[in-house]
>>> print(open('entry.cif').read())   # mmCIF, C-alpha atoms
data_my_file
loop_
_atom_site.label_atom_id
_atom_site.label_comp_id
_atom_site.auth_asym_id
_atom_site.auth_seq_id
_atom_site.Cartn_x
_atom_site.Cartn_y
_atom_site.Cartn_z
CA MET A 176 134.03 191.16 46.96
CA SER A 177 130.25 191.04 46.63
CA GLN A 178 130.40 188.54 43.78
CA SER A 179 133.17 186.35 45.16
CA GLY A 180 131.04 184.74 47.84
CA TRP A 181 133.74 185.47 50.39
CA THR A 182 131.93 186.26 53.65
CA ASP A 183 134.81 186.12 56.16
CA LYS A 184 135.24 189.61 57.57
CA ARG A 185 138.84 188.99 58.61
CA PRO A 186 141.52 190.70 56.50
CA MET A 187 142.91 188.50 53.75
CA SER A 188 146.39 188.58 52.30
CA PRO A 189 146.42 189.52 48.60
CA HIS A 190 147.10 186.60 46.30
CA VAL A 191 150.69 186.07 45.16
CA SER A 192 149.82 186.98 41.56
CA VAL A 193 148.83 190.55 42.45
CA TRP A 194 152.17 191.29 44.11
CA ARG A 195 154.78 193.33 42.30
CA TRP A 196 158.36 192.07 42.69
CA HIS A 197 160.11 194.05 45.43
CA VAL A 198 162.85 193.46 47.98
CA THR A 199 160.59 192.84 50.99
CA MET A 200 158.88 190.13 48.93
CA LEU A 201 162.29 188.60 48.17
CA GLY A 202 163.13 188.86 51.88
CA SER A 203 159.95 187.02 52.81
CA ILE A 204 160.61 184.24 50.28
CA LEU A 205 164.24 183.93 51.41
CA HIS A 206 163.16 183.75 55.05
CA ARG A 207 160.88 180.82 54.29
CA MET A 208 163.39 179.12 51.98
CA THR A 209 166.20 179.38 54.53
CA GLY A 210 163.83 178.12 57.22
CA VAL A 211 163.28 174.98 55.16
CA SER A 212 166.99 174.60 54.31
CA ASN A 213 167.91 175.04 58.00
CA TYR A 214 165.51 172.16 58.74
CA ILE A 215 167.73 169.95 56.58
CA GLY A 216 170.84 171.54 58.12
CA ALA A 217 169.67 170.58 61.60
CA MET A 218 169.75 166.95 60.44
CA LEU A 219 173.41 167.46 59.51
CA VAL A 220 174.20 168.90 62.96
CA VAL A 221 172.53 165.96 64.70
CA GLY A 222 174.30 163.63 62.25
CA TRP A 223 177.61 165.20 63.28
CA LEU A 224 176.81 164.66 67.00
CA PHE A 225 175.82 161.08 66.26
CA ALA A 226 178.99 160.49 64.25
CA ALA A 227 181.05 161.77 67.20
CA ALA A 228 179.18 159.39 69.52
CA SER A 229 179.77 156.47 67.13
CA GLY A 230 183.55 156.64 67.40
CA PRO A 231 186.62 157.85 65.51
CA GLU A 232 186.01 155.71 62.41
CA THR A 233 182.47 156.98 61.76
CA TYR A 234 183.55 160.51 62.66
CA GLY A 235 186.39 160.25 60.14
CA ARG A 236 183.95 159.30 57.40
CA PHE A 237 181.72 162.27 58.32
CA GLU A 238 184.77 164.57 58.26
CA ALA A 239 185.78 163.30 54.80
CA VAL A 240 182.33 163.98 53.32
CA ALA A 241 181.99 167.36 55.09
CA GLY A 242 185.47 168.43 53.99
CA SER A 243 184.99 167.46 50.33
CA MET A 244 184.13 170.19 47.84
CA PRO A 245 180.41 169.24 47.60
CA GLY A 246 180.38 169.00 51.40
CA ARG A 247 181.87 172.47 51.77
CA ILE A 248 179.36 173.93 49.31
CA VAL A 249 176.48 172.44 51.31
CA LEU A 250 177.97 173.67 54.60
CA PHE A 251 178.55 177.16 53.17
CA GLY A 252 174.92 177.23 52.04
CA PHE A 253 173.83 176.03 55.48
CA THR A 254 175.90 178.76 57.19
CA LEU A 255 174.40 181.38 54.87
CA GLY A 256 170.91 180.03 55.55
CA VAL A 257 171.39 180.21 59.33
CA VAL A 258 172.90 183.71 59.23
CA TYR A 259 170.22 185.08 56.88
CA HIS A 260 167.34 183.46 58.76
CA ALA A 261 168.66 184.83 62.09
CA MET A 262 169.03 188.39 60.73
CA SER A 263 165.68 188.23 58.95
CA GLY A 264 164.08 186.76 62.06
CA LEU A 265 165.43 189.61 64.18
CA ARG A 266 163.82 191.97 61.66
CA HIS A 267 160.52 190.14 62.14
CA LEU A 268 160.82 190.59 65.93
CA VAL A 269 161.37 194.33 65.42
CA TRP A 270 158.36 194.44 63.07
CA ASP A 271 156.28 192.78 65.81
CA THR A 272 156.89 195.85 67.98
CA GLY A 273 155.41 198.02 65.22
CA HIS A 274 158.71 199.55 64.11
CA GLY A 275 160.40 199.60 60.69
CA LEU A 276 157.23 198.96 58.74
CA THR A 277 157.24 201.98 56.40
CA PRO A 278 157.97 200.95 52.78
CA LYS A 279 161.18 203.00 52.63
CA VAL A 280 162.69 201.59 55.85
CA ALA A 281 161.47 198.04 55.18
CA SER A 282 163.02 198.04 51.69
CA ALA A 283 166.33 199.49 52.92
CA VAL A 284 166.58 197.00 55.79
CA GLY A 285 165.57 194.15 53.49
CA THR A 286 168.41 194.95 51.07
CA LEU A 287 170.87 195.54 53.92
CA ILE A 288 170.11 192.15 55.49
CA ILE A 289 170.76 190.27 52.24
CA ILE A 290 174.14 192.01 51.81
CA LEU A 291 175.05 191.67 55.51
CA ALA A 292 174.17 187.97 55.58
CA ILE A 293 176.46 187.22 52.63
CA ALA A 294 179.27 189.38 54.07
CA ALA A 295 178.95 187.84 57.55
CA THR A 296 178.95 184.29 56.16
CA VAL A 297 182.07 184.94 54.07
CA ALA A 298 183.72 186.53 57.14
CA ILE A 299 182.82 183.53 59.34
CA TRP A 300 184.31 181.14 56.77
CA LEU A 301 187.47 183.24 56.39
CA VAL A 302 187.99 183.50 60.17
CA ALA A 303 187.24 179.81 60.67
CA GLY A 304 189.63 178.90 57.86
CA LEU A 305 186.99 176.99 55.94
CA VAL A 306 187.63 178.46 52.47
CA PRO A 307 188.72 175.95 49.81
CA GLY A 308 192.35 175.00 50.06
CA LEU A 309 192.54 175.70 53.77
CA ALA A 310 192.11 173.22 56.57
CA ILE A 311 188.69 171.97 57.55
CA PHE A 312 187.73 169.48 60.23
CA GLY A 313 191.16 169.09 61.77
CA GLY A 314 193.00 168.64 58.52
CA GLY A 315 195.85 170.76 59.86
CA MET B 11 145.57 177.23 77.68
CA SER B 12 145.99 178.57 74.18
CA ASP B 13 142.59 180.25 74.24
CA SER B 14 143.55 182.33 77.27
CA ILE B 15 146.19 184.12 75.20
CA ARG B 16 143.48 185.83 73.14
CA THR B 17 142.53 189.29 74.29
CA PRO B 18 139.07 189.76 75.82
CA LEU B 19 138.24 192.26 73.05
CA GLY B 20 139.23 189.71 70.40
CA LYS B 21 136.93 187.12 71.99
CA VAL B 22 134.02 189.54 72.16
CA ARG B 23 134.40 190.57 68.54
CA GLY B 24 134.77 186.96 67.49
CA LEU B 25 137.73 187.77 65.28
CA GLY B 26 141.30 186.56 65.26
CA THR B 27 142.64 183.07 65.54
CA ALA B 28 140.24 180.23 64.89
CA ARG B 29 142.19 177.72 67.01
CA GLU B 30 145.68 178.16 68.39
CA GLY B 31 147.16 180.89 66.22
CA ALA B 32 148.00 183.26 69.06
CA HIS B 33 149.84 180.53 70.96
CA HIS B 34 151.68 179.47 67.80
CA PHE B 35 152.66 183.08 67.08
CA ILE B 36 154.10 183.52 70.56
CA VAL B 37 156.04 180.24 70.87
CA GLN B 38 157.56 180.78 67.40
CA ARG B 39 158.96 184.08 68.65
CA VAL B 40 160.02 182.89 72.10
CA SER B 41 162.03 180.06 70.53
CA ALA B 42 163.45 182.58 68.03
CA ILE B 43 164.74 184.74 70.89
CA ALA B 44 166.33 181.68 72.51
CA LEU B 45 168.00 180.79 69.20
CA LEU B 46 169.34 184.32 68.69
CA ILE B 47 171.26 183.78 71.95
CA LEU B 48 172.20 180.10 71.52
CA VAL B 49 173.09 179.84 67.82
CA PRO B 50 175.95 182.39 67.78
CA TRP B 51 177.56 180.52 70.71
CA PHE B 52 176.92 177.16 69.04
CA LEU B 53 178.29 178.23 65.66
CA VAL B 54 181.50 179.78 67.00
CA SER B 55 182.24 176.98 69.50
CA LEU B 56 181.49 174.30 66.90
CA LEU B 57 183.83 175.87 64.34
CA VAL B 58 186.61 175.94 66.96
CA ALA B 59 185.87 172.39 68.15
CA VAL B 60 185.90 170.75 64.70
CA ARG B 61 189.44 172.00 64.06
CA GLY B 62 190.65 169.49 66.65
CA GLY B 63 189.29 166.51 64.72
CA TYR B 64 187.57 163.65 66.55
CA GLY B 65 189.41 164.37 69.81
CA GLY B 66 188.56 168.05 69.72
CA ALA B 67 184.91 167.41 68.94
CA VAL B 68 184.47 164.84 71.70
CA ALA B 69 186.35 167.01 74.23
CA TRP B 70 184.05 169.94 73.41
CA ILE B 71 180.84 167.90 73.71
CA ALA B 72 182.04 166.23 76.94
CA GLN B 73 182.31 169.51 78.88
CA PRO B 74 179.19 169.61 81.14
CA LEU B 75 178.26 173.22 80.32
CA ASN B 76 178.78 172.61 76.60
CA ALA B 77 176.70 169.42 76.74
CA VAL B 78 173.78 171.28 78.32
CA LEU B 79 174.03 174.22 75.91
CA ILE B 80 174.33 171.91 72.89
CA LEU B 81 171.11 170.11 73.85
CA MET B 82 169.38 173.44 74.53
CA SER B 83 170.51 174.75 71.13
CA VAL B 84 169.43 171.60 69.31
CA GLY B 85 166.17 171.40 71.29
CA ALA B 86 165.22 175.03 70.63
CA ALA B 87 166.15 174.67 66.95
CA LEU B 88 164.12 171.46 66.50
CA TYR B 89 161.09 173.01 68.25
CA HIS B 90 161.33 176.22 66.21
CA MET B 91 161.75 174.39 62.91
CA ARG B 92 158.89 172.00 63.67
CA ILE B 93 156.36 174.78 64.21
CA GLY B 94 157.81 176.71 61.26
CA MET B 95 157.53 173.75 58.88
CA GLN B 96 153.98 173.20 60.16
CA VAL B 97 153.01 176.60 58.69
CA VAL B 98 154.75 175.81 55.39
CA VAL B 99 152.80 172.52 55.12
CA GLU B 100 149.52 174.20 56.08
CA ASP B 101 150.10 176.94 53.50
CA TYR B 102 151.05 174.80 50.51
CA ILE B 103 149.48 171.35 50.96
CA ALA B 104 145.74 171.51 50.39
CA LYS B 105 144.78 167.82 50.29
CA PRO B 106 143.76 166.67 53.80
CA VAL B 107 145.46 163.25 53.71
CA GLY B 108 148.74 164.57 52.35
CA LYS B 109 148.64 167.46 54.81
CA ALA B 110 147.99 165.17 57.78
CA ALA B 111 150.74 162.78 56.70
CA LEU B 112 153.28 165.58 56.37
CA LEU B 113 152.26 167.14 59.69
CA ILE B 114 152.72 163.78 61.42
CA LEU B 115 156.10 163.32 59.71
CA ASN B 116 156.95 166.85 60.83
CA THR B 117 156.45 165.71 64.42
CA PHE B 118 158.31 162.42 64.05
CA ILE B 119 161.45 163.89 62.46
CA PRO B 120 162.28 166.47 65.18
CA VAL B 121 161.52 163.93 67.93
CA LEU B 122 163.80 161.36 66.28
CA LEU B 123 166.51 163.98 65.83
CA PHE B 124 166.26 165.09 69.46
CA ALA B 125 166.45 161.51 70.70
CA ALA B 126 169.56 160.96 68.56
CA ALA B 127 171.17 164.21 69.74
CA ALA B 128 170.38 163.55 73.41
CA PHE B 129 171.76 160.02 73.18
CA ALA B 130 174.91 161.18 71.38
CA VAL B 131 175.68 164.04 73.80
CA MET B 132 174.98 161.95 76.91
CA LYS B 133 177.03 159.02 75.62
CA ILE B 134 180.02 161.31 75.02
CA ALA B 135 179.58 163.45 78.16
CA GLY B 136 178.36 160.66 80.42
#
>>> encode(input="entry.cif", output="structure tokens")
Amino acid sequence: MSQSGWTDKRPMSPHVSVWRWHVTMLGSILHRMTGVSNYIGAMLVVGWLFAAASGPETYGRFEAVAGSMPGRIVLFGFTLGVVYHAMSGLRHLVWDTGHGLTPKVASAVGTLIIILAIAATVAIWLVAGLVPGLAIFGGG
Amino acid sequence: MSDSIRTPLGKVRGLGTAREGAHHFIVQRVSAIALLILVPWFLVSLLVAVRGGYGGAVAWIAQPLNAVLILMSVGAALYHMRIGMQVVVEDYIAKPVGKAALLILNTFIPVLLFAAAAFAVMKIAG
């Protein structure tokens, strides 16, 4: 500290290289990653609205791309990203109240959220009938 | 406006946010709370609507309450993601010109997307 020339008295986050790998670190990285992927997903949602406003022909083309296997993979990833980011965000709101911050609880909740997000996304896709082979986007 | 959010003690000590951090912290969370309410509705209704193909999608968007809630969902999401991406850019992009360019782009993209969404919903529902 005395030799670093750092004079700011405010607390500083430790550098990434001094962190040991642990689940709350993974949760933090996933929260940021899904935030960025949801940014791209929002473009898809607006694209869908715009396709609907452009008429049946354009909408049909959007449906075909969204219903294709690559399209489904992207949409599954987007669903997972939204579900994880929402659950993780709720955890952040709880943390803001000062609760759930002990290492034991934070690690348990961090693991639980990752499992729950995957389970909830699979459940949403099963209920919505979006799994491969089943109908998507009005295909039946 | 943003300065008034700082606590008197924080001002006296001269610590805490250098500019608008407190305001940013709060609006990120307020929009998060809005999204926790709006997104589950949006996701479930959307998945039902798309099963009806073009007709089903347009019928869903055209309902007045749906139209309002769709634009609220999209608006809250675009606002939340804009201020979130701002932090990502500030954290990882050190060069001033690149940072400024990305921050400007990060304003243009959500505004463009909201204009497109508002036009689309109002054209269908109008």
>>> interface_residues(input="entry.cif", of="chain B", to="chain A", cutoff="7 Å", atoms="all atoms listed in the file", output="list in words")
Leu25, Leu46, Leu57, Val60, Arg61, Gly62, Gly63, Tyr64, Val68, Met91, Met95, Leu123, Ala126, Ala127, Ala130, Val131, Lys133 and Ile134 of chain B
>>> resolve_selection(input="entry.cif", expression="the PyMOL selection byres ((chain A and resi 286) around 12)", output="list of chain:residue names")
A:His197, A:Val198, A:Thr199, A:Met200, A:Leu201, A:Gly202, A:Ser203, A:Leu205, A:Tyr259, A:Met262, A:Ser263, A:Arg266, A:Lys279, A:Val280, A:Ala281, A:Ser282, A:Ala283, A:Val284, A:Gly285, A:Leu287, A:Ile288, A:Ile289, A:Ile290, A:Leu291, A:Ala292, A:Ile293
>>> atom_distance(input="entry.cif", atom1="atom CA of Ile93 of chain B", atom2="atom CA of His34 of chain B")
7.5 Å
>>> atom_distance(input="entry.cif", atom1="atom CA of His90 of chain B", atom2="atom CA of Ser41 of chain B")
5.8 Å
>>> atom_distance(input="entry.cif", atom1="atom CA of Pro50 of chain B", atom2="atom CA of Leu79 of chain B")
11.7 Å
>>> closest_residue(input="entry.cif", among="B:Val99, B:Leu56, B:Ala104, B:Ala111", to="Asn76 of chain B", atoms="all atoms listed in the file")
B:Leu56
>>> resolve_selection(input="entry.cif", expression="the PyMOL selection byres ((chain B and resi 37) around 12)", output="PDB file with C-alpha atoms, keeping the file's coordinate frame")
ATOM      1  CA  SER B  12     145.990 178.570  74.180  1.00  0.00           C
ATOM      2  CA  ILE B  15     146.190 184.120  75.200  1.00  0.00           C
ATOM      3  CA  GLU B  30     145.680 178.160  68.390  1.00  0.00           C
ATOM      4  CA  GLY B  31     147.160 180.890  66.220  1.00  0.00           C
ATOM      5  CA  ALA B  32     148.000 183.260  69.060  1.00  0.00           C
ATOM      6  CA  HIS B  33     149.840 180.530  70.960  1.00  0.00           C
ATOM      7  CA  HIS B  34     151.680 179.470  67.800  1.00  0.00           C
ATOM      8  CA  PHE B  35     152.660 183.080  67.080  1.00  0.00           C
ATOM      9  CA  ILE B  36     154.100 183.520  70.560  1.00  0.00           C
ATOM     10  CA  GLN B  38     157.560 180.780  67.400  1.00  0.00           C
ATOM     11  CA  ARG B  39     158.960 184.080  68.650  1.00  0.00           C
ATOM     12  CA  VAL B  40     160.020 182.890  72.100  1.00  0.00           C
ATOM     13  CA  SER B  41     162.030 180.060  70.530  1.00  0.00           C
ATOM     14  CA  ALA B  42     163.450 182.580  68.030  1.00  0.00           C
ATOM     15  CA  ILE B  43     164.740 184.740  70.890  1.00  0.00           C
ATOM     16  CA  ALA B  44     166.330 181.680  72.510  1.00  0.00           C
ATOM     17  CA  ALA B  86     165.220 175.030  70.630  1.00  0.00           C
ATOM     18  CA  TYR B  89     161.090 173.010  68.250  1.00  0.00           C
ATOM     19  CA  HIS B  90     161.330 176.220  66.210  1.00  0.00           C
ATOM     20  CA  MET B  91     161.750 174.390  62.910  1.00  0.00           C
ATOM     21  CA  ARG B  92     158.890 172.000  63.670  1.00  0.00           C
ATOM     22  CA  ILE B  93     156.360 174.780  64.210  1.00  0.00           C
ATOM     23  CA  GLY B  94     157.810 176.710  61.260  1.00  0.00           C
TER      24      GLY B  94
END
>>> build_atoms(input="entry.cif", residues="segment 240-257 of chain A", atoms="N, CA, C and O atoms", output="mmCIF file, in the frame of the given file")
data_model
loop_
_atom_site.group_PDB
_atom_site.id
_atom_site.type_symbol
_atom_site.label_atom_id
_atom_site.label_comp_id
_atom_site.auth_asym_id
_atom_site.auth_seq_id
_atom_site.Cartn_x
_atom_site.Cartn_y
_atom_site.Cartn_z
ATOM 1 N N VAL A 240 183.442 163.497 54.155
ATOM 2 C CA VAL A 240 182.330 163.980 53.320
ATOM 3 C C VAL A 240 182.145 165.494 53.520
ATOM 4 O O VAL A 240 182.005 166.251 52.566
ATOM 5 N N ALA A 241 182.188 165.939 54.784
ATOM 6 C CA ALA A 241 181.990 167.360 55.090
ATOM 7 C C ALA A 241 183.111 168.215 54.505
ATOM 8 O O ALA A 241 182.886 169.343 54.073
ATOM 9 N N GLY A 242 184.317 167.665 54.471
ATOM 10 C CA GLY A 242 185.470 168.430 53.990
ATOM 11 C C GLY A 242 185.641 168.403 52.481
ATOM 12 O O GLY A 242 186.434 169.171 51.932
ATOM 13 N N SER A 243 184.905 167.521 51.792
ATOM 14 C CA SER A 243 184.990 167.460 50.330
ATOM 15 C C SER A 243 184.381 168.724 49.733
ATOM 16 O O SER A 243 183.691 169.466 50.411
ATOM 17 N N MET A 244 184.647 168.964 48.447
ATOM 18 C CA MET A 244 184.130 170.190 47.840
ATOM 19 C C MET A 244 182.595 170.258 47.866
ATOM 20 O O MET A 244 182.039 171.274 48.285
ATOM 21 N N PRO A 245 181.880 169.176 47.473
ATOM 22 C CA PRO A 245 180.410 169.240 47.600
ATOM 23 C C PRO A 245 179.978 169.468 49.052
ATOM 24 O O PRO A 245 179.029 170.216 49.310
ATOM 25 N N GLY A 246 180.703 168.832 49.982
ATOM 26 C CA GLY A 246 180.380 169.000 51.400
ATOM 27 C C GLY A 246 180.540 170.440 51.843
ATOM 28 O O GLY A 246 179.695 170.990 52.556
ATOM 29 N N ARG A 247 181.628 171.064 51.413
ATOM 30 C CA ARG A 247 181.870 172.470 51.770
ATOM 31 C C ARG A 247 180.805 173.376 51.189
ATOM 32 O O ARG A 247 180.375 174.342 51.837
ATOM 33 N N ILE A 248 180.390 173.090 49.946
ATOM 34 C CA ILE A 248 179.360 173.930 49.310
ATOM 35 C C ILE A 248 178.056 173.846 50.109
ATOM 36 O O ILE A 248 177.413 174.859 50.390
ATOM 37 N N VAL A 249 177.693 172.622 50.505
ATOM 38 C CA VAL A 249 176.480 172.440 51.310
ATOM 39 C C VAL A 249 176.606 173.175 52.645
ATOM 40 O O VAL A 249 175.685 173.885 53.071
ATOM 41 N N LEU A 250 177.778 173.039 53.294
ATOM 42 C CA LEU A 250 177.970 173.670 54.600
ATOM 43 C C LEU A 250 178.007 175.193 54.493
ATOM 44 O O LEU A 250 177.529 175.892 55.384
ATOM 45 N N PHE A 251 178.562 175.697 53.378
ATOM 46 C CA PHE A 251 178.550 177.160 53.170
ATOM 47 C C PHE A 251 177.102 177.636 53.017
ATOM 48 O O PHE A 251 176.702 178.638 53.614
ATOM 49 N N GLY A 252 176.332 176.899 52.226
ATOM 50 C CA GLY A 252 174.920 177.230 52.040
ATOM 51 C C GLY A 252 174.157 177.178 53.352
ATOM 52 O O GLY A 252 173.322 178.042 53.633
ATOM 53 N N PHE A 253 174.481 176.178 54.176
ATOM 54 C CA PHE A 253 173.830 176.030 55.480
ATOM 55 C C PHE A 253 174.181 177.224 56.380
ATOM 56 O O PHE A 253 173.302 177.802 57.030
ATOM 57 N N THR A 254 175.478 177.601 56.393
ATOM 58 C CA THR A 254 175.900 178.760 57.190
ATOM 59 C C THR A 254 175.151 180.012 56.747
ATOM 60 O O THR A 254 174.624 180.766 57.567
ATOM 61 N N LEU A 255 175.095 180.211 55.425
ATOM 62 C CA LEU A 255 174.400 181.380 54.870
ATOM 63 C C LEU A 255 172.917 181.349 55.270
ATOM 64 O O LEU A 255 172.338 182.370 55.639
ATOM 65 N N GLY A 256 172.326 180.180 55.197
ATOM 66 C CA GLY A 256 170.910 180.030 55.550
ATOM 67 C C GLY A 256 170.655 180.371 57.013
ATOM 68 O O GLY A 256 169.675 181.047 57.338
ATOM 69 N N VAL A 257 171.547 179.927 57.891
ATOM 70 C CA VAL A 257 171.390 180.210 59.330
ATOM 71 C C VAL A 257 171.572 181.700 59.591
ATOM 72 O O VAL A 257 170.763 182.325 60.294
#
